[in-house]
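These notes concern the structure reproduced below.
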Amino acid sequence: MTKVFVPGSFDPMHLGHLDVVDQAREIFGEVVVGILHNPSKPSGMFSVDERVALARATVADRTHVTVSAFTGLAVQAAAEAGTSIIVKGLRTASDFDIEQQMAQNNVALTGVRTVFVPCRPDLAFISSRFIREISANGVSVAHMVVPEVERALAAKHGER
């Protein structure tokens, strides 16, 4: 069993993220989901602690999956988690362009390798940004997130 690192801001974690975790677990055996703060993105809807709690609720029924918060670069967090492989999901060709450049930098600088997994076609449209926007307008996102995340979104928006 190989332990791998699945990094992201997960604001909030959704079924597309869960698909990447499931694929990584099936291929490698053990997954550490790393909740990272990305300084190039806005501060987010949920605090890091809230994101960790929601991610833990999302993966609660999966064995060999843990969730922790990390600071710094994904490669630093991967090393801190005791892994040398990062797993990233790809939805589109533009995702590949961005992720490939990061993967090349990571391996050149640290030796940490990145493995890409394609997301399921029925989940390719999902993004945390769209989930936040849709939910803010009172529309259900139940088909994109687990119930705990939908409830947390509704609470943030003061709905239902």
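In the structure tokens, chains take letters A, B, ... by order of appearance, with residues numbered from 1 within each chain and ligands from 1 in the order shown.
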Strand (DSSP E) per DSSP on the backbone: members of chain A, as a PyMOL selection string: chain A and resi 2-8+29-36+65-70+85-90+113-118
All residues 10 Å or closer to A:Pro118, only C-alpha atoms, same chain fewer than 6 positions away omitted, as a PyMOL selection string: chain A and resi 19-20+23+88-92+96+124
All residues 6 Å or closer to stretch 1-17 of chain A, only C-alpha atoms, same chain fewer than 4 positions away omitted, as a PyMOL selection string: chain A and resi 28-37+55+78+83+85-87+123+128+144-145
Chain A: residues DSSP assigns to helix (DSSP H, G or I), reported as an MDAnalysis selection string: chainID A and resid 15:28 48:58 74:80 93:110 121:123 128:136 147:157
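Omitting A:Ala103 and its sequence neighbours fewer than 5 positions away, and counting only C-alpha atoms, the residues within 9 Å are Ile86, Ile98, Ala108, Val112, Arg113, Thr114 and Val115 of chain A.
Using only C-alpha atoms, the nearest neighbour of A:Arg25 within the list A:Gly138, A:Gln104, A:Arg62, A:Val48 is A:Arg62.
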